[in-house]
$ cat target-v3.cif   # mmCIF, C-alpha atoms and all ligand atoms
data_my_file
#
loop_
_atom_site.label_atom_id
_atom_site.label_comp_id
_atom_site.auth_asym_id
_atom_site.auth_seq_id
_atom_site.Cartn_x
_atom_site.Cartn_y
_atom_site.Cartn_z
CA MET A 1 0.00 0.00 0.00
CA ARG A 2 2.87 2.38 0.68
CA ALA A 3 4.85 1.46 -2.39
CA ALA A 4 2.68 3.17 -4.99
CA PRO A 5 2.57 6.71 -3.57
CA ARG A 6 6.22 6.58 -2.58
CA SER A 7 7.33 5.48 -6.03
CA LEU A 8 5.14 8.18 -7.53
CA LEU A 9 6.73 10.81 -5.32
CA THR A 10 10.17 9.45 -6.12
CA GLY A 11 9.39 9.62 -9.82
CA LEU A 12 8.25 13.21 -9.52
CA ALA A 13 11.32 14.13 -7.52
CA VAL A 14 13.60 12.52 -10.09
CA ALA A 15 11.83 14.35 -12.91
CA ALA A 16 12.02 17.67 -11.04
CA THR A 17 15.70 17.14 -10.28
CA ALA A 18 16.43 16.25 -13.89
CA LEU A 19 14.60 19.34 -15.11
CA ALA A 20 16.34 21.60 -12.60
CA GLY A 21 19.68 20.06 -13.48
CA THR A 22 19.12 20.68 -17.15
CA VAL A 23 18.22 24.32 -16.63
CA THR A 24 21.02 24.95 -14.16
CA SER A 25 23.73 23.32 -16.23
CA THR A 26 22.69 25.32 -19.29
CA VAL A 27 22.87 28.57 -17.38
CA ASP A 28 26.12 27.73 -15.59
CA ALA A 29 27.88 25.93 -18.42
CA VAL A 30 30.25 28.68 -19.46
CA PRO A 31 31.42 30.02 -16.07
CA ALA A 32 31.57 26.58 -14.46
CA HIS A 33 33.66 24.87 -17.07
CA ALA A 34 35.43 27.45 -19.20
CA ALA A 35 36.34 30.53 -17.19
CA ALA A 36 36.60 29.22 -13.64
CA CYS A 37 40.13 27.77 -13.48
CA ASN A 38 41.95 30.35 -11.40
CA GLY A 39 44.31 27.65 -10.21
CA TYR A 40 44.97 23.91 -10.13
CA VAL A 41 45.18 21.29 -7.42
CA GLY A 42 46.50 17.75 -7.52
CA LEU A 43 44.03 15.07 -6.47
CA THR A 44 45.90 11.84 -5.71
CA PHE A 45 44.59 8.34 -5.03
CA ASP A 46 47.02 5.77 -3.64
CA ASP A 47 47.19 1.98 -3.30
CA GLY A 48 45.42 0.80 -6.47
CA PRO A 49 44.63 -0.44 -8.92
CA SER A 50 42.08 -3.06 -7.96
CA GLY A 51 39.16 -4.88 -9.47
CA ASP A 52 36.96 -3.89 -6.54
CA HIS A 53 37.44 -0.13 -6.34
CA THR A 54 39.08 1.28 -9.46
CA PRO A 55 36.10 1.04 -11.87
CA ALA A 56 33.69 2.89 -9.55
CA LEU A 57 36.26 5.54 -8.68
CA LEU A 58 37.06 6.18 -12.35
CA ASN A 59 33.36 6.43 -13.17
CA ALA A 60 32.81 8.96 -10.39
CA LEU A 61 35.80 11.05 -11.44
CA ARG A 62 34.73 11.07 -15.08
CA GLN A 63 31.13 11.91 -14.28
CA ASN A 64 32.29 14.88 -12.24
CA GLY A 65 34.86 16.12 -14.73
CA LEU A 66 37.84 15.41 -12.50
CA ARG A 67 41.29 14.12 -13.40
CA ALA A 68 43.69 12.76 -10.81
CA THR A 69 47.04 11.12 -10.26
CA MET A 70 46.84 7.46 -9.31
CA PHE A 71 49.83 6.24 -7.30
CA ASN A 72 49.78 2.56 -8.13
CA GLU A 73 51.50 -0.29 -6.36
CA GLY A 74 53.51 -2.44 -8.74
CA GLN A 75 52.07 -5.68 -7.39
CA PHE A 76 48.57 -4.47 -8.25
CA ALA A 77 49.53 -3.05 -11.65
CA ALA A 78 50.84 -6.54 -12.43
CA ALA A 79 47.68 -8.21 -11.12
CA TYR A 80 45.18 -5.77 -12.70
CA PRO A 81 46.76 -4.45 -15.90
CA ALA A 82 43.34 -3.74 -17.41
CA GLN A 83 42.66 -1.31 -14.57
CA VAL A 84 45.92 0.51 -15.29
CA ARG A 85 44.74 0.96 -18.87
CA ALA A 86 41.31 2.04 -17.62
CA GLU A 87 42.99 4.75 -15.54
CA VAL A 88 44.84 6.04 -18.59
CA ASN A 89 41.71 5.87 -20.74
CA ALA A 90 39.80 7.86 -18.11
CA GLY A 91 42.36 10.66 -18.38
CA MET A 92 44.26 9.93 -15.19
CA TRP A 93 48.01 10.17 -14.63
CA ILE A 94 49.90 7.26 -13.10
CA GLY A 95 52.63 7.40 -10.51
CA ASN A 96 54.79 4.80 -8.76
CA HIS A 97 53.89 3.90 -5.14
CA SER A 98 56.42 1.03 -4.68
CA TYR A 99 55.80 -2.64 -5.44
CA THR A 100 54.70 -4.04 -2.05
CA HIS A 101 54.11 -0.89 0.05
CA PRO A 102 56.91 -1.43 2.58
CA HIS A 103 58.50 1.05 4.96
CA LEU A 104 61.23 2.00 2.50
CA THR A 105 63.37 3.74 5.12
CA GLN A 106 63.96 0.34 6.74
CA LEU A 107 65.28 -1.24 3.52
CA SER A 108 68.71 -1.41 1.87
CA GLN A 109 69.34 0.58 -1.28
CA ALA A 110 69.17 -2.64 -3.33
CA GLN A 111 65.78 -3.45 -1.84
CA VAL A 112 64.47 0.06 -2.48
CA ASP A 113 65.79 -0.14 -6.03
CA SER A 114 63.87 -3.38 -6.56
CA GLU A 115 60.64 -1.86 -5.20
CA VAL A 116 60.94 1.11 -7.54
CA SER A 117 62.25 -0.59 -10.67
CA ARG A 118 59.80 -3.49 -10.63
CA THR A 119 56.93 -1.04 -10.31
CA GLN A 120 58.21 1.06 -13.22
CA GLN A 121 58.27 -2.13 -15.28
CA ALA A 122 54.84 -3.37 -14.15
CA ILE A 123 53.11 -0.08 -14.90
CA ALA A 124 54.80 0.24 -18.29
CA ALA A 125 53.99 -3.38 -19.16
CA ALA A 126 50.33 -2.74 -18.32
CA GLY A 127 50.20 0.22 -20.69
CA GLY A 128 50.48 2.98 -18.12
CA GLY A 129 53.64 4.51 -19.52
CA THR A 130 56.82 5.05 -17.55
CA PRO A 131 56.00 7.01 -14.38
CA GLN A 132 57.80 10.26 -13.60
CA LEU A 133 56.29 10.65 -10.14
CA PHE A 134 56.97 8.59 -7.03
CA ARG A 135 55.16 8.63 -3.71
CA PRO A 136 56.89 6.66 -0.97
CA PRO A 137 54.47 4.64 1.18
CA TYR A 138 53.49 6.54 4.36
CA GLY A 139 55.38 9.53 2.97
CA GLU A 140 58.54 8.04 4.51
CA THR A 141 61.74 8.98 2.74
CA ASN A 142 65.46 9.37 3.30
CA ALA A 143 68.66 9.85 1.31
CA THR A 144 68.67 6.24 0.11
CA VAL A 145 65.10 6.49 -1.19
CA GLN A 146 65.90 9.80 -2.87
CA ALA A 147 69.01 8.37 -4.53
CA VAL A 148 66.91 5.61 -6.08
CA GLU A 149 64.26 8.10 -7.19
CA SER A 150 66.97 10.12 -8.93
CA LYS A 151 68.33 7.02 -10.65
CA TYR A 152 64.95 6.41 -12.27
CA GLY A 153 64.20 10.06 -13.04
CA LEU A 154 61.36 10.17 -10.54
CA ARG A 155 60.10 13.26 -8.77
CA GLN A 156 59.16 12.58 -5.14
CA ILE A 157 55.61 13.72 -4.36
CA ILE A 158 54.37 13.84 -0.78
CA TRP A 159 51.30 16.04 -0.09
CA ASP A 160 50.17 19.39 1.30
CA VAL A 161 46.90 18.14 2.77
CA ASP A 162 46.18 14.66 4.17
CA SER A 163 42.49 13.87 3.78
CA GLN A 164 42.79 11.23 6.54
CA ASP A 165 40.56 8.99 4.44
CA TRP A 166 42.84 6.07 5.33
CA ASN A 167 42.09 6.80 8.99
CA GLY A 168 38.30 6.65 8.81
CA ALA A 169 37.61 10.27 7.92
CA SER A 170 33.95 11.00 7.17
CA THR A 171 32.83 12.17 3.75
CA ASP A 172 32.27 15.63 5.28
CA ALA A 173 35.83 15.66 6.63
CA ILE A 174 37.27 14.60 3.26
CA VAL A 175 35.37 17.40 1.50
CA GLN A 176 36.56 19.87 4.14
CA ALA A 177 40.15 18.76 3.56
CA VAL A 178 39.74 19.49 -0.16
CA SER A 179 38.38 22.94 0.69
CA ARG A 180 41.71 23.79 2.36
CA LEU A 181 43.66 23.39 -0.89
CA SER A 182 45.12 26.39 -2.66
CA ASN A 183 46.66 26.79 -6.09
CA GLY A 184 49.39 24.24 -6.81
CA GLN A 185 48.74 22.06 -3.78
CA ILE A 186 48.30 18.31 -3.55
CA ILE A 187 45.93 16.22 -1.43
CA LEU A 188 46.43 12.63 -0.28
CA MET A 189 43.50 10.27 -0.80
CA HIS A 190 43.17 6.54 -1.41
CA GLU A 191 41.29 4.49 -3.93
CA TRP A 192 39.71 2.11 -1.43
CA PRO A 193 37.69 4.02 1.24
CA ALA A 194 33.94 4.13 0.57
CA ASN A 195 33.78 7.64 2.03
CA THR A 196 36.29 8.85 -0.55
CA LEU A 197 34.17 7.53 -3.41
CA ALA A 198 31.09 9.13 -1.86
CA ALA A 199 32.91 12.47 -1.58
CA ILE A 200 33.76 12.80 -5.28
CA PRO A 201 30.71 14.85 -6.40
CA ARG A 202 31.14 17.25 -3.47
CA ILE A 203 34.88 17.49 -4.13
CA ALA A 204 34.04 18.67 -7.66
CA GLN A 205 31.50 21.19 -6.31
CA THR A 206 33.94 22.48 -3.69
CA LEU A 207 36.74 23.01 -6.19
CA ALA A 208 34.39 24.75 -8.63
CA SER A 209 33.17 27.09 -5.88
CA LYS A 210 36.79 28.10 -5.21
CA GLY A 211 37.63 28.54 -8.89
CA LEU A 212 40.08 25.64 -8.74
CA CYS A 213 40.38 22.82 -11.25
CA ALA A 214 41.93 19.38 -11.01
CA GLY A 215 45.36 19.44 -12.62
CA ARG A 216 48.31 17.20 -13.29
CA ILE A 217 51.39 17.17 -11.08
CA SER A 218 54.45 18.60 -12.80
CA PRO A 219 57.51 16.32 -12.60
CA GLN A 220 59.62 19.46 -12.92
CA THR A 221 58.19 21.38 -9.95
CA GLY A 222 56.18 18.81 -8.01
CA ARG A 223 53.26 21.23 -8.01
CA ALA A 224 49.79 20.97 -9.55
CA VAL A 225 49.52 22.66 -12.93
CA ALA A 226 47.15 22.84 -15.89
CA PRO A 227 46.65 19.43 -17.56
ZN ZN A 301 49.92 3.87 0.21
#

$ encode --input "target-v3.cif" --output "structure tokens"
Amino acid sequence: MRAAPRSLLTGLAVAATALAGTVTSTVDAVPAHAAACNGYVGLTFDDGPSGDHTPALLNALRQNGLRATMFNEGQFAAAYPAQVRAEVNAGMWIGNHSYTHPHLTQLSQAQVDSEVSRTQQAIAAAGGGTPQLFRPPYGETNATVQAVESKYGLRQIIWDVDSQDWNGASTDAIVQAVSRLSNGQIILMHEWPANTLAAIPRIAQTLASKGLCAGRISPQTGRAVAP
């Protein structure tokens, strides 16, 4: 007995939303998408790719007009090469996040070299190109790590803002973290938290309201720049 009126109301709401969305997007189309990039920020998603999370994240990013840098683990690039290609096809940039996500500062130079070089090979073999960006797991680095990065022509990228999505941050908190970004800055996120996926539409809205667009990370400067 309740189903019919509720589905009717839902249908009306959907129709009203669709109509409003059509009108709004027509009115806002030029300022929202053409003239509003007063600066660029680097959205980054670590720890992929995966069969479970990558497809939904890429869909959400595409639907909201966002591009991002995906810091992939080599072991997962090797296991899910189709998802590496899907990232490229969705307009994302791919960085190296080590092969097995160890604490690199506890490893020998030969071990660090293996973590970095095997990941370069796995991403390239999957069709992701040869990365120019490297994010050490946990942001932990030292002279040994930096020597290996230099050997492979990699720019080390940490972050300006940590979304804390890995630590159970709410969707509200993730959106608030994005709102703290200024031109050129980079935010740490991950491809696996459900709250991160849920935050994507509001991340796009927040950036647009600040006149910021999602950019690529320059290997020359380590800052976010125009794609
Ligand atoms: Zn990580």

$ residues_near_ligand --input "target-v3.cif" --ligand "ligand ZN 301 (chain A)" --cutoff "6 Å" --atoms "all atoms listed in the file" --output "ChimeraX atom specification"
/A:46-47,137

$ atom_distance --input "target-v3.cif" --atom1 "atom CA of Thr100 of chain A" --atom2 "atom CA of Ala78 of chain A"
11.4 Å

$ closest_residue --input "target-v3.cif" --among "A:Ala125, A:Leu154, A:Ala82, A:Leu43" --to "His97 of chain A" --atoms "only C-alpha atoms"
A:Leu154

$ atom_distance --input "target-v3.cif" --atom1 "atom CA of Val225 of chain A" --atom2 "atom CA of Pro136 of chain A"
21.3 Å

$ residues_around --input "target-v3.cif" --residues "Thr171 of chain A" --least-positions-apart "6" --cutoff "7 Å" --atoms "only C-alpha atoms" --output "number ranges by chain"
A: 195-196, 198-199

$ axis_aligned_box --input "target-v3.cif" --around "segment 105-122 of chain A" --padding-each-side "8 Å" --output "AutoDock Vina command-line options"
--center_x 62.1 --center_y 0.1 --center_z -4.3 --size_x 30.5 --size_y 23.2 --size_z 38.0

$ closest_residue --input "target-v3.cif" --among "A:Gln205, A:Gln164, A:Ser170, A:Gln146" --to "Gln109 of chain A" --atoms "all atoms listed in the file"
A:Gln146
